[in-house]
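*Asks:* Please see the structure below; I have some questions.
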Amino acid sequence: MSTFLQQLINGVSLGAIYSLIALGYTMVYGVLKLINFAHGDVYMVGAFMGYYLANGLGVRGAQALGMSADGLLARGLLGSGAMEPSLITALAVMLLAMAICAALGVIIERFAYRPVRKYSRLTALITAIGVSLLLENGGQVVFGADPKFFPELFKKRNIELFGGASINSADIIVLVIALALMIGLQLVVFRTKTGRAMRAVSFNLQSAKLMGINTDRIIAFTFALGSALAAAAGVLVAIRIPRIDPLMGILVGLKAFVAAVLGGIGNIPGAMLGGLLIGVTETMVVGYLSPTYKDAVAFAILILILLFRPSGLLGSVSQEKV
Amino acid sequence: MLTLENVFVNYGAIEALTGISMHVEQGEVVTLIGANGAGKTTTLRTITGLLEPRQGRIIYEGEDIGGRPTHKLVARGISMSPEGRGVFANLSVRENLQMGAYLIKDRGKVAADMDRAFKMFPRLKERESQKAGTLSGGEQQMLAMGRALMSNPRLLLLDEPSLGLAPLVVHTIFEAIDEIRGKGTTILLVEQNAHAALSHSDRAYVLETGRIVMEGPSKELAADPRIKEAYLGE
């Protein structure tokens, strides 16, 4: 029982992170019918942005930019003593990383995807793979290929639960933040005018234009939103497991993509559900079978879903009426 | 109000329009008739900025609008009910109408316009909270037209509003067209149903393989033996 409870908590916490990334895949697919393969790498950049925000660029990095060796840029929010490790610090680091990645997402859309939008979808897909490779290899050049250890943004501790299970405070905080972000996203998508425009663009691009919607701006906004959530996921992952490297986005990105397909690609609640299911299944396999199969689970699920319900759990087959 | 001067449009290597010139005056109902593939829909899509002319000018209210983005033209008072209706199937009837008023900030105005749409098409009022995808074809057409009117256009483009509809519904649609023109909105109507189109319009253009082959007052064209034979099936 305690294993079950423990793994359930771990799984929901991990799954919430998959959900955050899956949302970016699903939203971009919704508006552009494009699988943005670079999305997992934006998540990686998010984690690194969190790292540099907290730790700074280092003495050499700051001097390369002509800044002093012990300023904020060199030592970061934590290293310079500007902030103490606390929840506020974690939130500040996460929000700043989100803002940076939102801009990155907009830049990727503007300079990589928009120019090829008028060509076939395959062209866009290949472009996405290109952007992904650029970020992975560029990341190795800029950030360095070896793993970095993410600083502790707040003091973690273990909380004993009934039945012998224990939970790390980081897991609870990750879960709470992820849920808050998802609720926030729901509000944006279903309660605001911009959200309404996003849904219109994803239902029917031409009709959306005819409503007077500036669809280019909505598509850019969708990339900003998705990339910000990926960055949040990057920081949250690094809070749970503080080891980051420039290729960390590949596998997690693929799993989140599977989560989006599982929920029904293009479907926002579906991406949330899919992420949670993949996360929980993965930790259950680790708990009850063997950690060896951890990474295979998502892909086994992908095969099953493609065989039995290709439109995903919450996805619907669209019909046109004459 | 709207003038097309020698407009050419391509789909890739295929020439869809080869030098179209036409004009629509304030308060008129002008119809564009022709067979499938003649370029009727292409003409409307080019006017609304969904396609870019390769050559030629599109002058709307004194300004060349060729290649302007669609959303800017909607703001300038051009609205279209597209071919195939293009309703947002997953949104309710009410939400679809709200979408049509996307650029209008005054909520009171939107509510009043929605009442007006419901008055024109009482069937939509009955289906207000139903998803648009569950409506019949005729109801979807009413919704597409009602939605196009929500932006308070000065120029309304209607693409095949009667396509695939039962005769009774076609009648309702054309009554609505008369009503819209009665309120002073200029209409450019694309139709395969030449008979109905000619009897509900002031002037007409006949398109054949991307060029205009005939034009004139609708009454005269309806009486022309060539039109009778080719388009009215007489």
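Quick note on naming: the chains in the structure tokens go A, B, ... in the order shown, residues restart at 1 in each chain, and ligands are numbered from 1 in order of appearance.
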Using only C-alpha atoms, I'd like every residue of chain A that has an atom within 10 Å of chain B; please write them out as a PyMOL selection string.
*Replies:* chain A and resi 193-194+196-197+199-216+318-322
*Asks:* Among region 89-125 of chain B, which ones does DSSP place in helix (DSSP H, G or I), written as a PyMOL selection string?
*Replies:* chain B and resi 93-100+107-120+122-125
*Asks:* Find the residues near Glu52 (chain B): any atom within 12 Å, counting only C-alpha atoms, skip ones fewer than 4 places away on the same chain, and give them as a PyMOL selection string.
*Replies:* chain B and resi 7-12+16-17+42-48+56-58+65-70
*Asks:* Going by DSSP on the backbone, which residues of region 5-95 of chain B come out as strand (DSSP E or B)? List them as JSON, numbers by chain.
*Replies:* {"B": [5, 6, 7, 8, 9, 10, 11, 14, 15, 16, 17, 18, 19, 20, 21, 22, 23, 24, 29, 30, 31, 32, 33, 34, 55, 56, 57, 58, 59, 60, 63, 64, 78, 79, 80, 81, 92]}
*Asks:* Write a file of the just-selected residues containing C-alpha atoms, as a short mmCIF file (atom, residue, chain, number, x, y, z; two decimals), in the first residue's frame.
*Replies:*
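part.cif, freshly written:
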```cif
data_model
loop_
_atom_site.label_atom_id
_atom_site.label_comp_id
_atom_site.auth_asym_id
_atom_site.auth_seq_id
_atom_site.Cartn_x
_atom_site.Cartn_y
_atom_site.Cartn_z
CA GLU B 5 -9.15 46.14 -62.35
CA ASN B 6 -7.66 43.41 -64.50
CA VAL B 7 -7.06 41.02 -61.59
CA PHE B 8 -5.00 37.86 -62.13
CA VAL B 9 -4.80 35.15 -59.47
CA ASN B 10 -2.77 31.95 -59.57
CA TYR B 11 -2.89 28.77 -57.54
CA ILE B 14 -2.59 27.25 -62.40
CA GLU B 15 -4.23 30.46 -63.47
CA ALA B 16 -7.52 30.79 -61.65
CA LEU B 17 -8.42 34.35 -62.67
CA THR B 18 -7.14 35.83 -65.89
CA GLY B 19 -7.82 39.52 -65.90
CA ILE B 20 -11.10 40.14 -64.10
CA SER B 21 -12.57 43.63 -64.07
CA MET B 22 -15.77 44.38 -62.25
CA HIS B 23 -17.31 46.89 -59.90
CA VAL B 24 -19.89 46.96 -57.14
CA VAL B 29 -26.68 43.53 -54.94
CA VAL B 30 -24.31 42.18 -57.56
CA THR B 31 -24.15 38.53 -58.40
CA LEU B 32 -21.41 36.45 -59.90
CA ILE B 33 -22.64 33.36 -61.70
CA GLY B 34 -20.81 30.63 -63.52
CA GLN B 55 -1.49 41.34 -60.96
CA GLY B 56 -4.18 44.00 -61.08
CA ARG B 57 -5.79 46.23 -58.52
CA ILE B 58 -8.62 45.80 -56.04
CA ILE B 59 -9.94 49.18 -55.01
CA TYR B 60 -12.25 49.39 -52.04
CA GLU B 63 -7.89 52.43 -51.70
CA ASP B 64 -5.97 49.54 -53.26
CA ILE B 78 -15.81 43.74 -45.58
CA SER B 79 -17.34 40.50 -44.35
CA MET B 80 -17.82 37.12 -45.93
CA SER B 81 -19.94 34.05 -45.43
CA SER B 92 -22.44 27.08 -29.73
#
```
*Asks:* Please list as number ranges by chain every residue within 9 Å of Phe174 (chain B), counting only C-alpha atoms and excluding residues in the same chain fewer than 4 positions away.
*Replies:* B: 161-162, 169-170, 178-179, 196-197, 200
*Asks:* With distances taken over only C-alpha atoms, which of A:Ile173, A:Ile100, A:Ile35, A:Ile219 is nearest to Ala231 (chain A)?
*Replies:* A:Ile100
*Asks:* Please measure the separation of CA of Gly62 (chain B) and CA of Glu25 (chain B), giving the value in Å to one decimal.
*Replies:*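 Those two atoms sit 12.1 Å apart.
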*Asks:* Show which residues sit within 6 Å of region 248-261 of chain A, as number ranges by chain. Count only C-alpha atoms, and ignore same-chain residues fewer than 5 positions away.
*Replies:* A: 18, 21-22, 26, 40-41, 44, 271, 274-275, 298, 302, 312
*Asks:* Store the residues picked out above, limited to all heavy atoms, as a PDB file, in the first residue's frame.
*Replies:*
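The resulting out_31.pdb:
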```pdb
ATOM      1  N   TYR A  18       4.902  16.381 -17.331  1.00  0.00           N
ATOM      2  CA  TYR A  18       4.619  15.949 -18.706  1.00  0.00           C
ATOM      3  C   TYR A  18       3.433  16.727 -19.274  1.00  0.00           C
ATOM      4  O   TYR A  18       3.428  17.111 -20.435  1.00  0.00           O
ATOM      5  CB  TYR A  18       4.305  14.448 -18.764  1.00  0.00           C
ATOM      6  CG  TYR A  18       5.489  13.540 -18.530  1.00  0.00           C
ATOM      7  CD1 TYR A  18       5.311  12.272 -17.962  1.00  0.00           C
ATOM      8  CD2 TYR A  18       6.772  13.918 -18.895  1.00  0.00           C
ATOM      9  CE1 TYR A  18       6.379  11.420 -17.750  1.00  0.00           C
ATOM     10  CE2 TYR A  18       7.850  13.077 -18.681  1.00  0.00           C
ATOM     11  CZ  TYR A  18       7.649  11.825 -18.111  1.00  0.00           C
ATOM     12  OH  TYR A  18       8.711  10.998 -17.910  1.00  0.00           O
ATOM     13  N   ILE A  21       4.306  20.137 -20.584  1.00  0.00           N
ATOM     14  CA  ILE A  21       4.985  20.115 -21.891  1.00  0.00           C
ATOM     15  C   ILE A  21       4.001  19.686 -22.976  1.00  0.00           C
ATOM     16  O   ILE A  21       3.973  20.253 -24.071  1.00  0.00           O
ATOM     17  CB  ILE A  21       6.207  19.179 -21.846  1.00  0.00           C
ATOM     18  CG1 ILE A  21       7.108  19.541 -20.656  1.00  0.00           C
ATOM     19  CG2 ILE A  21       7.004  19.285 -23.141  1.00  0.00           C
ATOM     20  CD1 ILE A  21       8.203  18.539 -20.403  1.00  0.00           C
ATOM     21  N   ALA A  22       3.191  18.686 -22.644  1.00  0.00           N
ATOM     22  CA  ALA A  22       2.229  18.180 -23.631  1.00  0.00           C
ATOM     23  C   ALA A  22       1.295  19.299 -24.100  1.00  0.00           C
ATOM     24  O   ALA A  22       0.890  19.333 -25.264  1.00  0.00           O
ATOM     25  CB  ALA A  22       1.423  17.031 -23.026  1.00  0.00           C
ATOM     26  N   THR A  26       0.209  20.246 -27.938  1.00  0.00           N
ATOM     27  CA  THR A  26      -1.181  20.152 -28.353  1.00  0.00           C
ATOM     28  C   THR A  26      -1.711  21.502 -28.826  1.00  0.00           C
ATOM     29  O   THR A  26      -2.457  21.586 -29.789  1.00  0.00           O
ATOM     30  CB  THR A  26      -2.011  19.539 -27.189  1.00  0.00           C
ATOM     31  OG1 THR A  26      -2.771  18.459 -27.702  1.00  0.00           O
ATOM     32  CG2 THR A  26      -2.910  20.533 -26.523  1.00  0.00           C
ATOM     33  N   GLY A  40      10.437  20.000 -26.961  1.00  0.00           N
ATOM     34  CA  GLY A  40      11.174  19.388 -25.856  1.00  0.00           C
ATOM     35  C   GLY A  40      12.472  20.126 -25.575  1.00  0.00           C
ATOM     36  O   GLY A  40      12.944  20.186 -24.434  1.00  0.00           O
ATOM     37  N   ASP A  41      13.036  20.708 -26.608  1.00  0.00           N
ATOM     38  CA  ASP A  41      14.301  21.428 -26.432  1.00  0.00           C
ATOM     39  C   ASP A  41      14.085  22.808 -25.814  1.00  0.00           C
ATOM     40  O   ASP A  41      14.957  23.331 -25.135  1.00  0.00           O
ATOM     41  CB  ASP A  41      15.022  21.532 -27.770  1.00  0.00           C
ATOM     42  CG  ASP A  41      15.237  20.147 -28.359  1.00  0.00           C
ATOM     43  OD1 ASP A  41      15.898  19.331 -27.701  1.00  0.00           O
ATOM     44  OD2 ASP A  41      14.687  19.874 -29.430  1.00  0.00           O
ATOM     45  N   MET A  44      14.230  22.164 -22.307  1.00  0.00           N
ATOM     46  CA  MET A  44      15.635  22.102 -21.875  1.00  0.00           C
ATOM     47  C   MET A  44      16.189  23.519 -21.663  1.00  0.00           C
ATOM     48  O   MET A  44      16.812  23.815 -20.637  1.00  0.00           O
ATOM     49  CB  MET A  44      16.436  21.337 -22.927  1.00  0.00           C
ATOM     50  CG  MET A  44      17.940  21.307 -22.750  1.00  0.00           C
ATOM     51  SD  MET A  44      18.827  22.732 -23.433  1.00  0.00           S
ATOM     52  CE  MET A  44      18.618  22.517 -25.201  1.00  0.00           C
ATOM     53  N   ALA A 271      -4.387  16.800 -23.077  1.00  0.00           N
ATOM     54  CA  ALA A 271      -2.945  16.844 -22.820  1.00  0.00           C
ATOM     55  C   ALA A 271      -2.666  16.742 -21.324  1.00  0.00           C
ATOM     56  O   ALA A 271      -1.728  16.068 -20.894  1.00  0.00           O
ATOM     57  CB  ALA A 271      -2.356  18.136 -23.382  1.00  0.00           C
ATOM     58  N   GLY A 274      -3.435  13.105 -20.378  1.00  0.00           N
ATOM     59  CA  GLY A 274      -2.413  12.234 -20.952  1.00  0.00           C
ATOM     60  C   GLY A 274      -1.113  12.310 -20.165  1.00  0.00           C
ATOM     61  O   GLY A 274      -0.501  11.281 -19.866  1.00  0.00           O
ATOM     62  N   GLY A 275      -0.706  13.508 -19.803  1.00  0.00           N
ATOM     63  CA  GLY A 275       0.524  13.682 -19.036  1.00  0.00           C
ATOM     64  C   GLY A 275       0.452  12.968 -17.703  1.00  0.00           C
ATOM     65  O   GLY A 275       1.369  12.240 -17.309  1.00  0.00           O
ATOM     66  N   ALA A 298       5.957   4.705 -22.055  1.00  0.00           N
ATOM     67  CA  ALA A 298       5.269   5.726 -22.837  1.00  0.00           C
ATOM     68  C   ALA A 298       5.069   5.243 -24.269  1.00  0.00           C
ATOM     69  O   ALA A 298       4.010   5.440 -24.869  1.00  0.00           O
ATOM     70  CB  ALA A 298       6.059   7.024 -22.809  1.00  0.00           C
ATOM     71  N   LEU A 302       1.885   4.513 -26.571  1.00  0.00           N
ATOM     72  CA  LEU A 302       1.699   5.141 -27.890  1.00  0.00           C
ATOM     73  C   LEU A 302       1.240   4.103 -28.917  1.00  0.00           C
ATOM     74  O   LEU A 302       0.298   4.337 -29.682  1.00  0.00           O
ATOM     75  CB  LEU A 302       3.004   5.802 -28.356  1.00  0.00           C
ATOM     76  CG  LEU A 302       2.931   6.462 -29.742  1.00  0.00           C
ATOM     77  CD1 LEU A 302       1.960   7.634 -29.727  1.00  0.00           C
ATOM     78  CD2 LEU A 302       4.296   6.931 -30.212  1.00  0.00           C
ATOM     79  N   GLY A 312      -7.140   9.498 -29.730  1.00  0.00           N
ATOM     80  CA  GLY A 312      -6.818   9.811 -28.343  1.00  0.00           C
ATOM     81  C   GLY A 312      -8.026   9.667 -27.429  1.00  0.00           C
ATOM     82  O   GLY A 312      -9.153   9.498 -27.880  1.00  0.00           O
TER      83      GLY A 312
END
```
